[in-house]
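**Q** Quick one, input-v2.txt (compact mmCIF, C-alpha atoms):
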# COMPACT_ATOMS: atom_id res chain seq x y z
CA MET A 1 6.16 10.28 -22.85
CA THR A 2 4.59 9.63 -19.47
CA GLU A 3 1.49 7.45 -19.29
CA LEU A 4 -1.70 9.35 -18.51
CA LEU A 5 -2.95 8.32 -15.11
CA ILE A 6 -6.69 7.96 -14.74
CA GLU A 7 -8.54 8.33 -11.47
CA VAL A 8 -11.08 5.51 -11.19
CA GLU A 9 -13.47 5.83 -8.28
CA ARG A 10 -16.70 4.47 -6.94
CA LYS A 11 -18.59 5.75 -3.96
CA ARG A 12 -21.26 4.12 -1.88
CA THR A 13 -23.73 5.45 0.64
CA PHE A 14 -22.74 4.36 4.14
CA THR A 15 -25.15 4.14 7.05
CA GLY A 16 -23.17 1.77 9.27
CA ASN A 17 -20.91 2.46 12.20
CA VAL A 18 -17.83 4.42 11.05
CA ASP A 19 -15.65 3.17 13.92
CA THR A 20 -16.49 -0.45 13.06
CA PHE A 21 -15.60 0.18 9.40
CA ILE A 22 -12.30 1.79 10.43
CA ALA A 23 -11.52 -1.31 12.51
CA THR A 24 -12.20 -3.45 9.43
CA LEU A 25 -9.84 -1.31 7.35
CA ARG A 26 -7.12 -1.66 9.98
CA ALA A 27 -7.66 -5.43 10.16
CA TYR A 28 -6.85 -5.60 6.44
CA GLY A 29 -3.66 -3.53 6.79
CA PHE A 30 -4.97 -0.05 5.99
CA THR A 31 -3.67 2.90 7.96
CA GLN A 32 -5.08 6.37 8.19
CA ALA A 33 -3.13 8.63 5.85
CA ASN A 34 -4.93 11.83 6.78
CA GLN A 35 -7.98 13.46 8.25
CA LEU A 36 -9.10 16.66 6.55
CA HIS A 37 -11.82 19.26 6.51
CA GLU A 38 -12.27 20.45 2.93
CA ASN A 39 -14.33 23.18 1.36
CA ASP A 40 -14.87 22.68 -2.36
CA THR A 41 -16.41 25.57 -4.28
CA TYR A 42 -17.79 24.45 -7.66
CA TYR A 43 -18.28 26.51 -10.80
CA SER A 44 -19.96 26.20 -14.19
CA ARG A 45 -19.75 28.07 -17.45
CA PRO A 46 -22.61 30.37 -18.47
CA ASP A 47 -22.95 28.64 -21.86
CA VAL A 48 -22.48 25.02 -20.65
CA ASP A 49 -24.25 23.63 -17.59
CA PHE A 50 -21.61 21.57 -15.78
CA MET A 51 -24.43 19.99 -13.75
CA GLN A 52 -25.71 18.49 -17.01
CA THR A 53 -22.33 17.55 -18.49
CA VAL A 54 -21.04 16.39 -15.07
CA GLU A 55 -17.85 18.38 -15.48
CA CYS A 56 -15.94 19.54 -12.44
CA LEU A 57 -14.32 22.93 -11.98
CA ARG A 58 -13.61 23.62 -8.35
CA VAL A 59 -11.42 25.46 -5.89
CA ARG A 60 -10.52 23.17 -2.98
CA GLU A 61 -9.38 24.61 0.35
CA ARG A 62 -8.12 22.83 3.44
CA ASP A 63 -5.58 23.49 6.18
CA GLY A 64 -2.49 24.90 4.52
CA PHE A 65 -3.48 23.79 1.01
CA ALA A 66 -5.48 25.01 -1.97
CA GLU A 67 -5.89 23.89 -5.57
CA VAL A 68 -7.98 24.41 -8.67
CA THR A 69 -9.24 21.19 -10.28
CA TYR A 70 -10.86 20.39 -13.60
CA LYS A 71 -12.38 17.03 -14.60
CA PRO A 72 -13.90 16.65 -18.08
CA ALA A 73 -17.51 15.87 -18.90
CA THR A 74 -18.92 12.47 -18.13
CA SER A 75 -19.52 10.25 -21.15
CA GLN A 76 -19.76 6.56 -21.94
CA ALA A 77 -15.96 6.52 -21.99
CA THR A 78 -15.65 7.98 -18.49
CA SER A 79 -18.36 6.13 -16.59
CA ALA A 80 -19.45 2.55 -16.20
CA ASN A 81 -22.82 0.97 -15.46
CA ASP A 82 -21.49 -0.18 -12.10
CA GLY A 83 -21.10 3.34 -10.72
CA ALA A 84 -17.38 3.68 -11.44
CA ILE A 85 -16.13 7.01 -12.77
CA MET A 86 -12.89 7.08 -14.81
CA LYS A 87 -11.58 10.53 -15.60
CA PRO A 88 -8.28 12.32 -16.00
CA GLU A 89 -7.96 15.07 -13.44
CA THR A 90 -6.05 18.32 -13.88
CA ASN A 91 -4.95 19.90 -10.61
CA LEU A 92 -3.18 23.22 -10.15
CA SER A 93 -1.84 23.77 -6.64
CA ILE A 94 -2.05 27.36 -5.50
CA ALA A 95 -0.89 29.15 -2.39
CA PRO A 96 -3.48 28.68 0.35
CA ASN A 97 -3.94 32.43 0.67
CA SER A 98 -4.63 32.63 -3.09
CA ALA A 99 -7.91 30.66 -3.00
CA ALA A 100 -9.99 33.84 -2.84
CA THR A 101 -8.04 35.25 -5.79
CA ALA A 102 -8.60 32.03 -7.77
CA LYS A 103 -12.34 32.22 -7.07
CA GLN A 104 -12.42 35.86 -8.16
CA LEU A 105 -10.50 34.98 -11.34
CA LEU A 106 -13.11 32.33 -12.22
CA VAL A 107 -15.95 34.81 -11.62
CA ASN A 108 -14.12 37.45 -13.68
CA LEU A 109 -13.88 34.91 -16.51
CA GLY A 110 -17.66 34.54 -16.37
CA MET A 111 -17.88 31.32 -14.39
CA ILE A 112 -20.95 30.85 -12.21
CA GLU A 113 -20.55 29.68 -8.62
CA LEU A 114 -22.78 26.65 -8.02
CA VAL A 115 -22.24 25.50 -4.44
CA THR A 116 -19.66 24.95 -1.72
CA VAL A 117 -19.38 21.39 -0.40
CA THR A 118 -18.12 21.03 3.16
CA LYS A 119 -16.53 17.65 3.73
CA PHE A 120 -14.79 15.81 6.55
CA ARG A 121 -12.60 13.13 4.94
CA ARG A 122 -10.61 10.34 6.53
CA ALA A 123 -8.34 8.66 3.97
CA PHE A 124 -6.77 5.23 4.37
CA THR A 125 -3.98 3.58 2.38
CA SER A 126 -2.23 0.21 2.33
CA ALA A 127 1.14 -0.90 0.96
CA ALA A 128 -0.67 -3.97 -0.39
CA TYR A 129 -2.78 -1.70 -2.63
CA PRO A 130 -0.52 1.03 -4.05
CA ASN A 131 -2.18 4.00 -5.78
CA THR A 132 -5.36 3.28 -3.82
CA VAL A 133 -7.26 5.36 -1.27
CA ILE A 134 -10.30 4.33 0.74
CA ALA A 135 -12.01 7.47 2.00
CA ILE A 136 -14.77 7.96 4.50
CA ASP A 137 -16.48 11.20 3.52
CA GLU A 138 -18.96 12.95 5.77
CA ILE A 139 -20.73 15.61 3.71
CA ILE A 140 -22.52 18.30 5.72
CA ASP A 141 -26.32 18.07 5.30
CA VAL A 142 -26.04 15.08 2.92
CA GLY A 143 -24.60 11.96 4.59
CA THR A 144 -21.65 9.59 4.86
CA PHE A 145 -20.00 7.82 1.92
CA ILE A 146 -17.22 5.32 1.31
CA GLU A 147 -15.16 6.18 -1.77
CA THR A 148 -12.70 3.69 -3.24
CA GLU A 149 -10.25 5.42 -5.58
CA VAL A 150 -7.46 3.91 -7.67
CA THR A 151 -5.14 5.99 -9.85
CA LEU A 152 -3.49 4.00 -12.68
CA ALA A 153 -2.95 4.19 -16.41
CA ASP A 154 -4.88 0.91 -16.85
CA LYS A 155 -8.61 1.52 -16.27
CA ALA A 156 -9.45 -2.20 -16.23
CA ALA A 157 -6.82 -2.96 -13.58
CA ALA A 158 -8.03 -0.03 -11.48
CA LEU A 159 -11.63 -1.19 -11.68
CA GLN A 160 -10.59 -4.74 -10.79
CA THR A 161 -8.84 -3.41 -7.68
CA ILE A 162 -11.94 -1.45 -6.66
CA ASN A 163 -14.15 -4.53 -7.10
CA GLU A 164 -11.72 -6.68 -5.09
CA LEU A 165 -11.47 -4.18 -2.24
CA GLU A 166 -15.20 -3.60 -2.02
CA ARG A 167 -15.77 -7.36 -1.68
CA LEU A 168 -12.94 -7.71 0.84
CA LEU A 169 -14.27 -4.85 2.98
CA ASP A 170 -17.87 -6.07 2.63
CA ILE A 171 -19.13 -2.81 1.13
CA ASP A 172 -19.92 -4.15 -2.34
CA THR A 173 -23.65 -4.38 -1.55
CA LEU A 174 -24.01 -0.84 -0.21
CA PRO A 175 -26.07 1.47 -2.46
CA LEU A 176 -24.12 3.20 -5.21
CA ALA A 177 -23.82 6.97 -4.96
CA THR A 178 -23.61 7.95 -8.60
CA LYS A 179 -23.96 11.72 -8.28
CA PRO A 180 -21.05 14.00 -7.44
CA TYR A 181 -21.13 15.55 -3.97
CA ARG A 182 -21.67 18.87 -5.70
CA ASP A 183 -24.97 17.65 -7.17
CA MET A 184 -26.08 16.17 -3.86
CA CYS A 185 -25.44 19.48 -2.09
CA VAL A 186 -27.23 21.54 -4.71
CA LYS A 187 -30.28 19.28 -4.26
CA ALA A 188 -30.06 19.27 -0.43
Kindly transcribe the structure held in the file into structure tokens.
**A**
Amino acid sequence: MTELLIEVERKRTFTGNVDTFIATLRAYGFTQANQLHENDTYYSRPDVDFMQTVECLRVRERDGFAEVTYKPATSQATSANDGAIMKPETNLSIAPNSAATAKQLLVNLGMIELVTVTKFRRAFTSAAYPNTVIAIDEIIDVGTFIETEVTLADKAAALQTINELERLLDIDTLPLATKPYRDMCVKA
């Protein structure tokens, strides 16, 4: 049986100079893996408020790609006091031209559309830190964030990597962003 990989992530509010931060990433051996514009449309059930449970059901669209994602409710087991979120993530890739059909299917099942988050993401990786992504996310009408994400079966090791990288990149003192982008956009 394959080990269940857990996505452990922490995001911080960033108000510095993005180009300077990118230079810092490059100085530590990170290279830009991609640059994407994403539109994430979030849904909730009529009988369970996913804003309250901090569950994620979304349809993500970007150039030549689409997927439906579900992340379970946040609990003491899936979040830490230090802003880290540790959840399994279920992703179903769909044909890019099927995103509208997927959205209609969710509505037909009674799901309620909450918000669409428009994001410009630049993702960086390093061979020295496998299974790790440092992302610079610019969320329309909300702000800029640095997200450190590690995907491993060992939550403690993933969190240790996040802590180490945040110190190395001098972002460990930036304010924590503990709400999902979805929640920030609903409030904006």
**Q** Compile the contact shell of Asp82 of chain A as a VMD selection string: residues with an atom at most 10 Å away, counting all atoms listed in the file, same-chain residues fewer than 3 positions apart removed.
**A** chain A and resid 10 79 85 159 163 176 178
**Q** By how many Å are atom CA of Ile171 of chain A and atom CA of Glu55 of chain A apart?
**A**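 Going from atom CA of Ile171 of chain A over to atom CA of Glu55 of chain A, I get 27.0 Å.
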**Q** So which residues touch Leu169 of chain A within 10 Å, counting only C-alpha atoms, skipping near sequence neighbours fewer than 6 positions away, as a compact mmCIF listing (two decimals) with C-alpha atoms, in the frame of the given file?
**A**
# COMPACT_ATOMS: atom_id res chain seq x y z
CA PHE A 21 -15.60 0.18 9.40
CA THR A 24 -12.20 -3.45 9.43
CA LEU A 25 -9.84 -1.31 7.35
CA ALA A 27 -7.66 -5.43 10.16
CA TYR A 28 -6.85 -5.60 6.44
**Q** Got a sec: who's within 7 Å of segment 139-147 of chain A, counting all atoms listed in the file, leaving out chain neighbours fewer than 5 positions off, as an mmCIF file with C-alpha atoms, in the frame of the given file?
**A**
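Done, and the output landed in around_12.cif:
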data_model
loop_
_atom_site.group_PDB
_atom_site.id
_atom_site.type_symbol
_atom_site.label_atom_id
_atom_site.label_comp_id
_atom_site.auth_asym_id
_atom_site.auth_seq_id
_atom_site.Cartn_x
_atom_site.Cartn_y
_atom_site.Cartn_z
ATOM 1 C CA GLU A 9 -13.470 5.830 -8.280
ATOM 2 C CA ARG A 10 -16.700 4.470 -6.940
ATOM 3 C CA LYS A 11 -18.590 5.750 -3.960
ATOM 4 C CA ARG A 12 -21.260 4.120 -1.880
ATOM 5 C CA THR A 13 -23.730 5.450 0.640
ATOM 6 C CA PHE A 14 -22.740 4.360 4.140
ATOM 7 C CA THR A 15 -25.150 4.140 7.050
ATOM 8 C CA THR A 118 -18.120 21.030 3.160
ATOM 9 C CA LYS A 119 -16.530 17.650 3.730
ATOM 10 C CA PHE A 120 -14.790 15.810 6.550
ATOM 11 C CA ILE A 134 -10.300 4.330 0.740
ATOM 12 C CA MET A 184 -26.080 16.170 -3.860
ATOM 13 C CA CYS A 185 -25.440 19.480 -2.090
ATOM 14 C CA ALA A 188 -30.060 19.270 -0.430
#
**Q** May I ask for the distance between atom CA of Ala153 of chain A and atom CA of Leu4 of chain A, given in Å to one decimal place?
**A**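 So the answer is 5.7 Å.
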**Q** Go through A:Val48, A:Val107, A:Ala77, A:Ile22 one by one, measure the shortest atom-to-atom distance of each to Lys155 of chain A using all atoms listed in the file, and give the residue with the smallest value.
**A** A:Ala77
**Q** Using all atoms listed in the file for the distances, tell me which of A:His37, A:Arg167, A:Arg58, A:Arg26 is nearest to Arg182 of chain A.
**A**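 The closest residue to Arg182 of chain A is A:Arg58.
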**Q** Around the point (-13.6, 5.7, -16.6) in the file's coordinates, collect all residues with an atom within 12 Å, using only C-alpha atoms, and return them as a VMD selection string.
**A** chain A and resid 5 to 10 71 to 89 149 to 159
**Q** Do a neighbour search on Val186 of chain A at 12 Å with only C-alpha atoms, toss out local chain neighbours closer than 5 positions, and write the hits as a count of residues only.
**A** 15
**Q** May I ask for the distance between atom CA of Ala99 of chain A and atom CA of Leu57 of chain A, given in Å to one decimal place?
**A**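 If I compute the distance from atom CA of Ala99 of chain A to atom CA of Leu57 of chain A, I get 13.5 Å.
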**Q** Which protein, DNA or RNA residues have an atom at most 12 Å from (-6.4, 28.6, 4.0), counting all atoms listed in the file? List them as an MDAnalysis selection string.
**A** chainID A and resid 37:39 59:67 94:101
**Q** Which residue, A:Asp137, A:Thr20, A:Leu92, A:Gly29, has the smallest gap to Ala177 of chain A when you use all atoms listed in the file?
**A**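 Ranking A:Asp137, A:Thr20, A:Leu92, A:Gly29 by distance to Ala177 of chain A, first place goes to A:Asp137.
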**Q** So, counting only C-alpha atoms, which residue among A:Thr53, A:Ala33, A:Ile112, A:Thr90 is closest to Tyr70 of chain A?
**A**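 Of all the options, A:Thr90 lies closest to Tyr70 of chain A.
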**Q** Could you write segment 150-161 of chain A as a compact mmCIF listing (two decimals), in the coordinates of the input, with all heavy atoms rebuilt where they are missing?
**A**
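Heads up, here's the output in part_39.txt:
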# COMPACT_ATOMS: atom_id res chain seq x y z
N VAL A 150 -8.72 4.48 -7.19
CA VAL A 150 -7.46 3.91 -7.67
C VAL A 150 -6.98 4.79 -8.82
O VAL A 150 -7.75 5.09 -9.74
CB VAL A 150 -7.64 2.45 -8.12
CG1 VAL A 150 -6.32 1.88 -8.62
CG2 VAL A 150 -8.19 1.59 -6.98
N THR A 151 -5.71 5.17 -8.80
CA THR A 151 -5.14 5.99 -9.85
C THR A 151 -4.07 5.18 -10.58
O THR A 151 -3.02 4.88 -10.02
CB THR A 151 -4.53 7.28 -9.26
OG1 THR A 151 -5.54 7.96 -8.52
CG2 THR A 151 -4.02 8.19 -10.36
N LEU A 152 -4.38 4.80 -11.82
CA LEU A 152 -3.49 4.00 -12.68
C LEU A 152 -3.68 4.42 -14.13
O LEU A 152 -4.65 5.09 -14.47
CB LEU A 152 -3.84 2.50 -12.56
CG LEU A 152 -3.57 1.78 -11.25
CD1 LEU A 152 -4.15 0.37 -11.30
CD2 LEU A 152 -2.08 1.73 -10.96
N ALA A 153 -2.78 3.97 -14.98
CA ALA A 153 -2.95 4.19 -16.41
C ALA A 153 -3.92 3.16 -17.00
O ALA A 153 -4.56 3.42 -18.01
CB ALA A 153 -1.60 4.11 -17.13
N ASP A 154 -4.04 2.01 -16.38
CA ASP A 154 -4.88 0.91 -16.85
C ASP A 154 -6.23 0.93 -16.15
O ASP A 154 -6.36 0.54 -14.98
CB ASP A 154 -4.15 -0.42 -16.59
CG ASP A 154 -4.87 -1.64 -17.11
OD1 ASP A 154 -6.09 -1.56 -17.40
OD2 ASP A 154 -4.22 -2.69 -17.22
N LYS A 155 -7.27 1.40 -16.86
CA LYS A 155 -8.61 1.52 -16.27
C LYS A 155 -9.13 0.17 -15.79
O LYS A 155 -9.74 0.08 -14.72
CB LYS A 155 -9.60 2.08 -17.30
CG LYS A 155 -9.39 3.51 -17.67
CD LYS A 155 -10.44 3.91 -18.70
CE LYS A 155 -10.15 5.26 -19.31
NZ LYS A 155 -11.12 5.61 -20.35
N ALA A 156 -8.93 -0.87 -16.59
CA ALA A 156 -9.45 -2.20 -16.23
C ALA A 156 -8.81 -2.71 -14.95
O ALA A 156 -9.50 -3.25 -14.07
CB ALA A 156 -9.23 -3.19 -17.38
N ALA A 157 -7.51 -2.52 -14.80
CA ALA A 157 -6.82 -2.96 -13.58
C ALA A 157 -7.31 -2.16 -12.37
O ALA A 157 -7.48 -2.71 -11.29
CB ALA A 157 -5.31 -2.82 -13.74
N ALA A 158 -7.54 -0.87 -12.57
CA ALA A 158 -8.03 -0.03 -11.48
C ALA A 158 -9.42 -0.48 -11.04
O ALA A 158 -9.69 -0.62 -9.84
CB ALA A 158 -8.05 1.44 -11.91
N LEU A 159 -10.28 -0.74 -11.99
CA LEU A 159 -11.63 -1.19 -11.68
C LEU A 159 -11.62 -2.56 -10.99
O LEU A 159 -12.37 -2.80 -10.05
CB LEU A 159 -12.49 -1.23 -12.94
CG LEU A 159 -13.98 -1.44 -12.73
CD1 LEU A 159 -14.57 -0.44 -11.74
CD2 LEU A 159 -14.71 -1.36 -14.05
N GLN A 160 -10.72 -3.42 -11.42
CA GLN A 160 -10.59 -4.74 -10.79
C GLN A 160 -10.17 -4.58 -9.32
O GLN A 160 -10.69 -5.29 -8.45
CB GLN A 160 -9.57 -5.59 -11.55
CG GLN A 160 -9.39 -6.98 -10.97
CD GLN A 160 -8.38 -7.80 -11.77
OE1 GLN A 160 -7.99 -7.46 -12.87
NE2 GLN A 160 -7.97 -8.92 -11.19
N THR A 161 -9.27 -3.67 -9.06
CA THR A 161 -8.84 -3.41 -7.68
C THR A 161 -10.00 -2.89 -6.84
O THR A 161 -10.19 -3.33 -5.70
CB THR A 161 -7.66 -2.42 -7.66
OG1 THR A 161 -6.57 -2.98 -8.39
CG2 THR A 161 -7.21 -2.12 -6.23
